[in-house]
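The structure appears right after this line, and notes come after that.
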Amino acid sequence: MTYELNPSAALYRARREFTHYELMKVHDSSGSPEYIAVLKPNALHTGHAVLVCAGDVDELRAVLRAQGPPRLPRRSEHRARG
């Protein structure tokens with residue numbers, strides 16, 4: 001799997017739109033591309049999907065946009081209270 005250091009203009013725009021995700025384009029060993037969005041740690045517990053995969057940037061943006069804007073994080077039930 002490889003990671004592109006110089007994103008396309010479309011991926012760059014998506015990164016600016018969805019700042020609560022790490023967006024990347026990866027290629028498998030056969031060279032097929034896939035676009036992945038991983039929720040950043042500071043946006044956990046907001047109700048958003050932690051991992052989103054798509055075949056192209058437009059599909060990825062559509063899925064992320066359908067989730068709505070990020071809400072405030074909720075306290076983890078497993079987090080120690082002090």
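Every chain in the structure tokens has a letter given in the order shown (A, B, ...), and although residue numbers restart at 1 in each chain, ligands are simply numbered from 1 in the order shown.
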
If you run DSSP on the backbone, which residues of chain A are alpha helix (DSSP H), as number ranges by chain? A: 9-17, 57-66

For the strand (DSSP E or B) assignment from backbone DSSP, which residues of chain A qualify? Please present them as a list in words.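 Taking chain A and keeping strand (DSSP E or B) only, one gets Thr2, Tyr3, Tyr21, Glu22, Leu23, Met24, Lys25, Val26, His27, Pro33, Glu34, Tyr35, Ile36, Ala37, Val38, Leu39, Leu51, Val52, Cys53 and Ala54 of chain A.
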
Keeping only N, CA, C and O atoms, write those residues as a PDB file, in the first residue's frame.
ATOM      1  N   THR A   2       0.542   2.231  -0.807  1.00  0.00           N
ATOM      2  CA  THR A   2       1.311   3.467  -0.835  1.00  0.00           C
ATOM      3  C   THR A   2       0.418   4.645  -0.488  1.00  0.00           C
ATOM      4  O   THR A   2      -0.799   4.583  -0.635  1.00  0.00           O
ATOM      5  N   TYR A   3       1.021   5.725  -0.017  1.00  0.00           N
ATOM      6  CA  TYR A   3       0.328   6.947   0.389  1.00  0.00           C
ATOM      7  C   TYR A   3       0.854   8.095  -0.453  1.00  0.00           C
ATOM      8  O   TYR A   3       2.069   8.274  -0.556  1.00  0.00           O
ATOM      9  N   TYR A  21     -11.342  14.969   9.769  1.00  0.00           N
ATOM     10  CA  TYR A  21     -10.902  13.686   9.234  1.00  0.00           C
ATOM     11  C   TYR A  21      -9.508  13.816   8.636  1.00  0.00           C
ATOM     12  O   TYR A  21      -9.126  14.871   8.159  1.00  0.00           O
ATOM     13  N   GLU A  22      -8.764  12.700   8.652  1.00  0.00           N
ATOM     14  CA  GLU A  22      -7.540  12.566   7.863  1.00  0.00           C
ATOM     15  C   GLU A  22      -7.969  11.903   6.566  1.00  0.00           C
ATOM     16  O   GLU A  22      -8.461  10.767   6.586  1.00  0.00           O
ATOM     17  N   LEU A  23      -7.831  12.596   5.447  1.00  0.00           N
ATOM     18  CA  LEU A  23      -8.218  12.057   4.152  1.00  0.00           C
ATOM     19  C   LEU A  23      -6.981  11.693   3.366  1.00  0.00           C
ATOM     20  O   LEU A  23      -6.006  12.460   3.339  1.00  0.00           O
ATOM     21  N   MET A  24      -7.015  10.526   2.725  1.00  0.00           N
ATOM     22  CA  MET A  24      -5.856  10.088   1.963  1.00  0.00           C
ATOM     23  C   MET A  24      -6.279   9.207   0.796  1.00  0.00           C
ATOM     24  O   MET A  24      -7.357   8.612   0.806  1.00  0.00           O
ATOM     25  N   LYS A  25      -5.427   9.170  -0.189  1.00  0.00           N
ATOM     26  CA  LYS A  25      -5.592   8.261  -1.319  1.00  0.00           C
ATOM     27  C   LYS A  25      -4.487   7.230  -1.185  1.00  0.00           C
ATOM     28  O   LYS A  25      -3.318   7.571  -1.040  1.00  0.00           O
ATOM     29  N   VAL A  26      -4.877   5.968  -1.219  1.00  0.00           N
ATOM     30  CA  VAL A  26      -3.908   4.878  -1.121  1.00  0.00           C
ATOM     31  C   VAL A  26      -4.056   3.988  -2.345  1.00  0.00           C
ATOM     32  O   VAL A  26      -5.074   4.019  -3.035  1.00  0.00           O
ATOM     33  N   HIS A  27      -3.027   3.226  -2.620  1.00  0.00           N
ATOM     34  CA  HIS A  27      -3.038   2.272  -3.729  1.00  0.00           C
ATOM     35  C   HIS A  27      -2.661   0.913  -3.183  1.00  0.00           C
ATOM     36  O   HIS A  27      -1.731   0.798  -2.389  1.00  0.00           O
ATOM     37  N   PRO A  33      -6.631   2.552  -6.855  1.00  0.00           N
ATOM     38  CA  PRO A  33      -6.748   3.583  -5.822  1.00  0.00           C
ATOM     39  C   PRO A  33      -7.990   3.404  -4.954  1.00  0.00           C
ATOM     40  O   PRO A  33      -8.989   2.832  -5.378  1.00  0.00           O
ATOM     41  N   GLU A  34      -7.886   3.879  -3.733  1.00  0.00           N
ATOM     42  CA  GLU A  34      -9.021   3.935  -2.819  1.00  0.00           C
ATOM     43  C   GLU A  34      -8.826   5.178  -1.961  1.00  0.00           C
ATOM     44  O   GLU A  34      -7.711   5.526  -1.598  1.00  0.00           O
ATOM     45  N   TYR A  35      -9.914   5.843  -1.659  1.00  0.00           N
ATOM     46  CA  TYR A  35      -9.878   7.049  -0.832  1.00  0.00           C
ATOM     47  C   TYR A  35     -10.414   6.695   0.540  1.00  0.00           C
ATOM     48  O   TYR A  35     -11.452   6.061   0.676  1.00  0.00           O
ATOM     49  N   ILE A  36      -9.686   7.120   1.567  1.00  0.00           N
ATOM     50  CA  ILE A  36      -9.999   6.754   2.941  1.00  0.00           C
ATOM     51  C   ILE A  36     -10.064   8.016   3.802  1.00  0.00           C
ATOM     52  O   ILE A  36      -9.236   8.917   3.667  1.00  0.00           O
ATOM     53  N   ALA A  37     -11.037   8.041   4.704  1.00  0.00           N
ATOM     54  CA  ALA A  37     -11.155   9.110   5.699  1.00  0.00           C
ATOM     55  C   ALA A  37     -11.152   8.457   7.080  1.00  0.00           C
ATOM     56  O   ALA A  37     -11.948   7.560   7.338  1.00  0.00           O
ATOM     57  N   VAL A  38     -10.242   8.909   7.939  1.00  0.00           N
ATOM     58  CA  VAL A  38     -10.133   8.389   9.306  1.00  0.00           C
ATOM     59  C   VAL A  38     -10.418   9.552  10.248  1.00  0.00           C
ATOM     60  O   VAL A  38      -9.797  10.611  10.151  1.00  0.00           O
ATOM     61  N   LEU A  39     -11.367   9.355  11.150  1.00  0.00           N
ATOM     62  CA  LEU A  39     -11.746  10.393  12.102  1.00  0.00           C
ATOM     63  C   LEU A  39     -10.578  10.711  13.022  1.00  0.00           C
ATOM     64  O   LEU A  39      -9.934   9.807  13.564  1.00  0.00           O
ATOM     65  N   LEU A  51     -14.182   5.362  10.226  1.00  0.00           N
ATOM     66  CA  LEU A  51     -13.492   5.040   8.988  1.00  0.00           C
ATOM     67  C   LEU A  51     -14.492   5.032   7.844  1.00  0.00           C
ATOM     68  O   LEU A  51     -15.545   4.399   7.942  1.00  0.00           O
ATOM     69  N   VAL A  52     -14.149   5.756   6.774  1.00  0.00           N
ATOM     70  CA  VAL A  52     -14.987   5.796   5.576  1.00  0.00           C
ATOM     71  C   VAL A  52     -14.084   5.521   4.385  1.00  0.00           C
ATOM     72  O   VAL A  52     -13.012   6.105   4.261  1.00  0.00           O
ATOM     73  N   CYS A  53     -14.510   4.608   3.508  1.00  0.00           N
ATOM     74  CA  CYS A  53     -13.748   4.263   2.309  1.00  0.00           C
ATOM     75  C   CYS A  53     -14.619   4.505   1.085  1.00  0.00           C
ATOM     76  O   CYS A  53     -15.828   4.288   1.130  1.00  0.00           O
ATOM     77  N   ALA A  54     -13.988   4.932  -0.012  1.00  0.00           N
ATOM     78  CA  ALA A  54     -14.720   5.199  -1.252  1.00  0.00           C
ATOM     79  C   ALA A  54     -13.805   4.973  -2.446  1.00  0.00           C
ATOM     80  O   ALA A  54     -12.586   4.972  -2.313  1.00  0.00           O
TER      81      ALA A  54
END

Point-to-point distance in Å for CA of Tyr12 in chain A and CA of Leu60 in chain A: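 These two atoms are separated by 12.7 Å.
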
CA of Arg65 in chain A and CA of Phe18 in chain A, how far apart in Å?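 Separating CA of Phe18 in chain A from CA of Arg65 in chain A is a distance of 8.5 Å.
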
State, in Å with one decimal place, the distance from CA of Ala14 in chain A to CA of Arg71 in chain A. 18.8 Å

Counting only C-alpha atoms, closest pick from A:Arg15, A:Pro70, A:His20, A:Asn6 relative to Asn42 in chain A is A:His20

Min atom-atom distance to Gly55 in chain A from the set A:Thr19, A:Gln67, A:Ser32, A:Ser8, counting only C-alpha atoms, belongs to A:Ser32

Nearest to Ala43 in chain A by atom-to-atom distance, counting only C-alpha atoms, from A:Pro69, A:Arg16, A:Val57, A:Ala9: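 Residue with the minimum atom-to-atom distance to Ala43 in chain A: A:Pro69.
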